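Shown next, in structure tokens, is the structure this report addresses.
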Number of protein chains: 2
Amino acid sequence: MIEAVHGDPIAALILSLAIILVAAKVGAHFAVAFGQPPVLGELAAGVVLGNLTLTGFHGLDYLRSDVSVDTLSRLGVILLLFQVGLESTVAQMMKVGFSSFMVATLGVIGPFVLGWGVAAWLLPGAGIYAHVFIGATLTATSVGITARVLRDLGRSDTDEARIILGAAVIDDVQGLVILAVVGGIVAAANRGTALSYGAVGLVLAKATLFLVGALGLGVYLSKRLFSLASRLNAGGVLLALGLAFCFVLAWLADAIGLAPIVGAFAAGLVLEDLHYRDFTDRGEHALTTLVEPIASFLVPVFFVIMGVRTDVRVFGNPAVLGLAAALTAAAIVGKQLCALGVVGRGLDRLSVGIGMIPRGEVGLIFANMGLTLTVAGMPLVNQDVFSAVVVMVICTTLITPPALKWSFHRFSRRAALAGDDLPTRFIQGGLP
Amino acid sequence: MIEAVHGDPIAALILSLAIILVAAKVGAHFAVAFGQPPVLGELAAGVVLGNLTLTGFHGLDYLRSDVSVDTLSRLGVILLLFQVGLESTVAQMMKVGFSSFMVATLGVIGPFVLGWGVAAWLLPGAGIYAHVFIGATLTATSVGITARVLRDLGRSDTDEARIILGAAVIDDVQGLVILAVVGGIVAAANRGTALSYGAVGLVLAKATLFLVGALGLGVYLSKRLFSLASRLNAGGVLLALGLAFCFVLAWLADAIGLAPIVGAFAAGLVLEDLHYRDFTDRGEHALTTLVEPIASFLVPVFFVIMGVRTDVRVFGNPAVLGLAAALTAAAIVGKQLCALGVVGRGLDRLSVGIGMIPRGEVGLIFANMGLTLTVAGMPLVNQDVFSAVVVMVICTTLITPPALKWSFHRFSRRAALAGDDLPTRFIQGGLP
């Protein structure tokens with residue numbers, strides 16, 4: 001009974017956070033020591049924590065599915081994309097808009113076709129619906145990891161970064177449409193009816209409306225909103241309002257069927273220093289400065305937990321590894337088509353292609369749906385295909401940080417040798 | 001099915017946070033406009049949001065019991081006490097240690113005796129166990145609100161603040177012992193055996209060991225820990241390690257039966273600028289600067305939610321109001337005994353007494369236990385007594401911010417008139 005006085009429900013969470021934060025920094029230290037971006041160390045630290053269970057220690061098994069930790073990690077990635085969005089403006093994004101659109105489109109076509117081919121080759125008996133579905137599973141870029149690497153390398157304020165991030169946003173919209181199409185085809189096949197183009201069109205229209213509305217109307221509204229709010233006589237109004245703006249757009253994105261991080265990124269793009277000059281003029285810190293420590297607290301939670309959830313045992317299943325290797329190759333090679341979408345001279349096309357490699361949650365959600373969808377009474381994909389997709393997600397996530405660092409470095413060196421004046425900022429860049 | 005792509009579990013939370021943050025700032029604005037500390041506005045904003053249900057709008061009813069919002073609010077109050085702890089050192093606390101101890105002890109005796117008397121007077125038929133129990137319910141100070149008002153008024157770095165906060169910590173230990181004693185007496189009465197002094201002694205020993213260990217060993221260990229950690233070559237190590245240290249001590253406090261905020265406050269006391277000079281020397285911000293935006297995000301969540309959970313309908317129950325008024329008076333008047341515990345000249349005794357007024361969670365937990373404890377088959381307290389305790393908690397919480405502001409102001413003015421040089425910092429102080 002004595003124990004019942006406090007026994008705060010937060011006790012388990014704060015201990016978990018302490019473990020995660022320490023692991024993140026130790027991991028980041030070793031990653032930097034080996035010349036890698038810190039995020040790779042955070043992921044690796046998470047993989048170690050998450051697989052301690054293999055050594056017989058089960059004390060941290062709960063981290064994989066702990067709801068509170070999951071909540072904070074999701075807040076973390078939202079803040080990360082908000083932060084990255086703050087570093088660019090809508091105008092800067094528009095400048096690279098065509099490139100982003102082309103990169104996104106080619107980056108969907110490449111892995112889709114290759115994934116379809118791989119599935120048709122290795123799973124000839126699975127039927128065309130399964131092949132198409134597996135192709136679709138490879139399309140969506142998971143932008144969290146790339147956004148983080150760009151920040152780690154001090155390059156989030158470059159045209160390449162904007163092209164990649166813009167493409168990832170468009171990619172998310174396209175992924176939504178593909179899901180609507182593939183899901184609609186499967187449903188139509190089962191019912192013996194035709195695909196409803198109206199439903200697919202509605203999905204596309206809603207997503208487009210959100211993006212245009214958020215970016216267009218957002219700039220107009222946020223200016224007035226912040227000017228109005230600057231009359232509030234209380235401390236911390238800028239941070240509170242900035243976060244509230246980010247959260248509302250993230251919520252709206254989710255409500256429309258997009259990822260919340262797309263909304264958070266849009267919120268960051270929309271908010272510009274000009275809008276809140278009233279606040280900074282009276283001595284408040286800039287929004288980027290205020291968001292930094294919050295992100296610094298919560299972002300590592302996201303990446304460590306991403307590592308924790310990586311079950312290395314999937315690599316021990318020989319039945320899966322062949323398909324996994326082929327899908328991973330299709331996922332990586334397919335996205336290199338993106339390089340062709342970059343319009344303009346002096347840009348680092350290779351880095352754009354590499355930056356589009358990571359796959360994440362959306363691929364897993366697709367694969368998971370495949371387990372439950374049936375065509376003529378048979379599940380669309382089986383457990384082995386699902387495990388192969390998991391391996392693909394892990395590999396593309398882990399390969400991106402070192403590959404992106406290498407390609408940026410390579411480009412800087414070449415530009416320096418060629419005496420080209422365009423990308424000098426890359427040479428000045430480097431690890432912060 | 002299309003909706004299933006994202007439908008992120010965080011969507012509801014981020015919308016809630018946006019609403020809470022905006023409400024907090026609007027509330028704070030009006031509080032400041034009426035010359036009150038911002039926290040009163042946050043509480044009031046919460047009361048409005050939480051009681052919209054009375055107008056027939058039930059869209060925010062979930063806020064009262066939402067687990068994610070509750071988690072963030074608990075993190076918020078932990079960070080608040082960590083922040084307040086950072087503003088003092090262990091040495092400064094030791095200087096006022098005797099005052100704190102006396103204030104805490106008198107602040108337990110006063111409300112206990114008065115509460116017992118009120119219960120015996122208004123509930124003569126309830127029996128002595130119930131009377132003693134109701135007295136015990138009034139003893140524990142809830143330090144969150146006072147800590148926040150002290151910060152709002154820019155006075156957390158004063159001897160008065162340290163006396164109050166130190167007393168609240170000791171108070172928590174004493175509350176634990178009282179609960180052990182009262183619970184033990186009730187259990188012994190039911191079993192017909194004697195109270196186990198051993199069990200009570202163990203509770204006291206564990207709590208004392210924690211405080212001595214955290215403050216003594218903590219200073220020694222944290223110096224070495226931070227010096228070791230300064231060799232980690234990664235960004236944000238200071239913040240991550242500071243938070244991890246806070247979280248571990250908060251967790252330990254909880255494990256021992258104390259409130260997690262006691263551990264967080266101890267962690268703040270232990271960490272001194274000196275310990276992490278290695279970090280600030282290399283250009284990182286000080287820990288206080290880094291924690292500020294995180295607290296600025298999460299602390300208002302705690303106070304708005306505290307308001308949200310205030311069901312104003314308890315004030316509409318005439319059967320309860322008489323007892324509630326008497327208990328509230330006992331709770332307020334009883335703590336004024338604290339003023340006698342302040343040792344030293346030139347100190348603001350009235351403000352210390354007022355700062356000890358707020359009751360919170362621990363009182364509610366006591367009252368809630370009373371509902372379930374039985375003596376000779378009858379519950380120790382009934383639902384009306386519980387509601388009266390709820391009213392007492394609400395009133396003591398709402399009265400403290402304006403009362404504390406008034407008393408500090410009064411003391412500053414008197415000191416200025418008297419030409420006393422001791423409390424000049426009070427005159428320079430005022431709202432930040």
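So you can find residues: chains in the structure tokens are A, B, ... in the order shown, residues in each start at 1, and ligands are numbered from 1 in order.
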Taking only residues of chain B that have an atom at most 6 Å from an atom of chain A, what is each one's shortest atom pair and its distance in Å to one decimal, using only C-alpha atoms, in chain and number order, as a tab-separated table?
```
residue	atom	partner	partner_atom	distance
B:Ile2	CA	A:Ala180	CA	5.9
B:Glu3	CA	A:Gly257	CA	5.6
B:His6	CA	A:Ala259	CA	5.7
B:Gly7	CA	A:Asp254	CA	6.0
B:Ala11	CA	A:Trp251	CA	5.3
B:Ile14	CA	A:Phe247	CA	5.1
B:Leu15	CA	A:Val248	CA	5.9
B:Ala18	CA	A:Ala244	CA	4.1
B:Leu21	CA	A:Ala240	CA	5.6
B:Ala28	CA	A:Ala234	CA	5.8
B:His29	CA	A:Asn233	CA	4.9
B:Ala180	CA	A:Ile2	CA	5.9
B:Leu232	CA	A:His29	CA	5.5
B:Asn233	CA	A:His29	CA	4.9
B:Ala234	CA	A:His29	CA	5.2
B:Ala240	CA	A:Leu21	CA	5.6
B:Ala244	CA	A:Ala18	CA	4.0
B:Phe247	CA	A:Ile14	CA	5.1
B:Val248	CA	A:Leu15	CA	5.9
B:Trp251	CA	A:Ala11	CA	5.2
B:Asp254	CA	A:Gly7	CA	5.9
B:Gly257	CA	A:Glu3	CA	5.6
B:Ala259	CA	A:His6	CA	5.7
B:Leu290	CA	A:Pro293	CA	5.7
B:Pro293	CA	A:Leu290	CA	5.7
B:Ile294	CA	A:Ile294	CA	5.2
```
Members of range 168-361 of chain B assigned alpha helix (DSSP H) by DSSP, as a count of residues only: 136
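Of the listed residues (A:Thr310, A:Ser351, A:Ser387, A:Thr397), A:Thr310 comes nearest to Thr53 in chain A; the distances count only C-alpha atoms.
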Correct to one decimal, the distance CA of Arg155 in chain B-CA of Ile399 in chain B is 18.3 Å
What lies within 9 Å of range 214-224 of chain A using only C-alpha atoms, ignoring chain neighbours under 3 positions off, as a count of residues only? 19
